[in-house]
Amino acid sequence: MDYGIRNPVLRSLMYGHAWLALGAALQVWWIGRVFFVADTRVTVAIGCGTFAIYGLIRLFRLPGPPQAGAHHLIWFRENKKWMIVLIGLAMVASGLAILPLLGELWPALGIPGIISLLYVLPMEFTHGRIIGLRRIPFMKSLWISLVWAAVSVLVPASLDQGPRSTVLVVLLFIMQTTFIYSLMIPFDMRDRPFDLVSLRTVPQVLGDRAARIIAVALGLVPVLISGFFAFHAYAHGMYVLPYALSMLGFAISAALVARASDHRSEAYYLVWLDGTLVLVASLGLLGTVL
């Protein structure tokens, strides 16, 4: 069976969304550590919650008609029993971790939670077809970007009991939204041969070349914003490395986006492009300890 990713360990990490969950956890941790407040319980909750949500999306799609090139669904179908157990454990772990902080975090988690739910619902009358928010033209990837930005910025910001700058929150939200959106457009390029025309994604409407240009332009926005943070820190005699190293990570991400095409291997998307979530956060955290 051709799974797209041949290595069984990588296949489990990528198709099981463990790599993506690690990226989500680290994104929340580094934003909190550098700009607001970092809490291990939140990091665990977001990581486990991401694993559970993406796993549930895949499980919900299994009853639908087979989709060409959907190696992850083939993998999920063949590992369904194990994934149900792991998803259940992840949901419990996420709930237990976030419960003591729910009073502080429910506003920040509420909107992303509702968007995530509506992204895949309703399904019970459609034989597993997803007809939620993702079916709104041009919005498939933007919804995901807004959810990731809300969680990675608003959750750690909500834990900060000190004075918060609205400008800082807005800049971080823009930084994270454009970063994630720049990664999502290449995935739309990859999926263009299989996506429904009604989705009207950027590559479907404008073509791959224009979509790639837009994705790179979006990817340069977080480079500029993190560069602004680094300059501001330098000008005020503050520690520069957390901002400078994260800027390097964003620049590497933009370079990878520039090389994306529908001819790239699945590992290029799932290992390397998704891996920039881990890379940016790891570099930002590294800058706090050097």
# chains A, B, ... in the order shown; residues from 1 in each chain; ligands from 1
$ residues_around --residues "stretch 5-12 of chain A" --least-positions-apart "4" --cutoff "8 Å" --atoms "only C-alpha atoms" --output "list in words"
Gly16, His17, Ala18, Glu266 and Ala267 of chain A
$ write_last_selection --atoms "N, CA and C atoms" --output "short mmCIF file (atom, residue, chain, number, x, y, z; two decimals), in the first residue's frame"
data_model
loop_
_atom_site.label_atom_id
_atom_site.label_comp_id
_atom_site.auth_asym_id
_atom_site.auth_seq_id
_atom_site.Cartn_x
_atom_site.Cartn_y
_atom_site.Cartn_z
N GLY A 16 -1.05 10.62 12.22
CA GLY A 16 -1.74 10.63 13.51
C GLY A 16 -1.80 12.00 14.15
N HIS A 17 -1.16 13.00 13.50
CA HIS A 17 -1.19 14.40 13.92
C HIS A 17 -0.44 14.67 15.21
N ALA A 18 0.43 13.76 15.62
CA ALA A 18 1.25 14.02 16.81
C ALA A 18 2.23 15.16 16.56
N GLU A 266 4.64 14.17 -0.09
CA GLU A 266 3.79 14.39 1.08
C GLU A 266 4.63 14.71 2.31
N ALA A 267 5.83 14.14 2.39
CA ALA A 267 6.72 14.43 3.50
C ALA A 267 7.12 15.91 3.51
#
$ residues_around --residues "stretch 244-251 of chain A" --least-positions-apart "4" --cutoff "6 Å" --atoms "only C-alpha atoms" --output "short mmCIF file (atom, residue, chain, number, x, y, z; two decimals) with N, CA and C atoms, in the first residue's frame"
data_model
loop_
_atom_site.label_atom_id
_atom_site.label_comp_id
_atom_site.auth_asym_id
_atom_site.auth_seq_id
_atom_site.Cartn_x
_atom_site.Cartn_y
_atom_site.Cartn_z
N VAL A 223 7.89 37.76 9.44
CA VAL A 223 9.32 38.12 9.45
C VAL A 223 9.47 39.59 9.81
N SER A 226 8.27 40.19 13.61
CA SER A 226 9.27 39.73 14.57
C SER A 226 10.53 40.59 14.48
N ALA A 230 12.36 42.67 17.44
CA ALA A 230 13.80 42.60 17.71
C ALA A 230 14.40 44.01 17.75
N VAL A 280 9.86 27.46 14.48
CA VAL A 280 9.74 28.85 14.92
C VAL A 280 9.66 28.92 16.45
N LEU A 283 13.02 27.92 18.12
CA LEU A 283 14.02 28.98 18.03
C LEU A 283 13.68 30.13 18.99
N GLY A 284 12.40 30.50 19.08
CA GLY A 284 12.01 31.53 20.01
C GLY A 284 12.29 31.15 21.45
#
$ atom_distance --atom1 "atom CA of A:Pro186" --atom2 "atom CA of A:Ala90"
28.5 Å
$ closest_atom_pairs --of "stretch 225-281 of chain A" --to "stretch 164-174 of chain A" --cutoff "12 Å" --atoms "only C-alpha atoms" --output "Markdown table"
| residue | atom | partner | partner_atom | distance |
| --- | --- | --- | --- | --- |
| A:Ile225 | CA | A:Leu171 | CA | 7.2 |
| A:Ser226 | CA | A:Leu172 | CA | 8.9 |
| A:Gly227 | CA | A:Leu171 | CA | 11.9 |
| A:Phe228 | CA | A:Leu171 | CA | 10.1 |
| A:Phe229 | CA | A:Leu168 | CA | 9.6 |
| A:His232 | CA | A:Leu168 | CA | 11.9 |
| A:Tyr243 | CA | A:Leu172 | CA | 12.0 |
$ write_last_selection --atoms "C-alpha atoms" --output "CSV table (one decimal), in the first residue's frame"
chain,number,residue,atom,x,y,z
A,225,ILE,CA,6.7,41.9,12.7
A,226,SER,CA,9.3,39.7,14.6
A,227,GLY,CA,12.0,42.0,13.1
A,228,PHE,CA,10.1,45.0,14.6
A,229,PHE,CA,10.0,43.3,18.0
A,232,HIS,CA,12.3,47.5,19.6
A,243,TYR,CA,12.8,37.8,18.6
$ residues_around --residues "A:Ser253" --least-positions-apart "3" --cutoff "8 Å" --atoms "only C-alpha atoms" --output "MDAnalysis selection string"
chainID A and resid 219 249:250 256:257 273 276
$ closest_residue --among "A:Leu183, A:Ile46, A:Ala260, A:Leu109" --to "A:Asp274" --atoms "only C-alpha atoms"
A:Leu183
$ decode --residues "stretch 7-32 of chain A" --atoms "C-alpha atoms" --output "PDB file, in the first residue's frame"
ATOM      1  CA  ASN A   7       8.829   5.409   7.127  1.00  0.00           C
ATOM      2  CA  PRO A   8       6.370   3.822   9.611  1.00  0.00           C
ATOM      3  CA  VAL A   9       7.429   6.046  12.519  1.00  0.00           C
ATOM      4  CA  LEU A  10       7.100   9.260  10.506  1.00  0.00           C
ATOM      5  CA  ARG A  11       3.847   7.966   9.054  1.00  0.00           C
ATOM      6  CA  SER A  12       2.363   7.506  12.522  1.00  0.00           C
ATOM      7  CA  LEU A  13       3.585  10.914  13.708  1.00  0.00           C
ATOM      8  CA  MET A  14       2.329  12.779  10.634  1.00  0.00           C
ATOM      9  CA  TYR A  15      -0.915  10.962   9.818  1.00  0.00           C
ATOM     10  CA  GLY A  16      -1.740  10.627  13.506  1.00  0.00           C
ATOM     11  CA  HIS A  17      -1.192  14.403  13.918  1.00  0.00           C
ATOM     12  CA  ALA A  18       1.246  14.016  16.814  1.00  0.00           C
ATOM     13  CA  TRP A  19       3.741  16.281  14.978  1.00  0.00           C
ATOM     14  CA  LEU A  20       1.045  18.911  14.437  1.00  0.00           C
ATOM     15  CA  ALA A  21      -0.026  18.663  18.082  1.00  0.00           C
ATOM     16  CA  LEU A  22       3.568  19.252  19.175  1.00  0.00           C
ATOM     17  CA  GLY A  23       3.670  22.320  16.955  1.00  0.00           C
ATOM     18  CA  ALA A  24       0.470  23.680  18.512  1.00  0.00           C
ATOM     19  CA  ALA A  25       1.749  23.091  22.046  1.00  0.00           C
ATOM     20  CA  LEU A  26       5.088  24.778  21.337  1.00  0.00           C
ATOM     21  CA  GLN A  27       3.441  27.736  19.607  1.00  0.00           C
ATOM     22  CA  VAL A  28       1.396  28.465  22.735  1.00  0.00           C
ATOM     23  CA  TRP A  29       4.413  27.914  24.966  1.00  0.00           C
ATOM     24  CA  TRP A  30       6.784  30.260  23.106  1.00  0.00           C
ATOM     25  CA  ILE A  31       4.266  33.076  22.680  1.00  0.00           C
ATOM     26  CA  GLY A  32       3.480  32.831  26.384  1.00  0.00           C
TER      27      GLY A  32
END
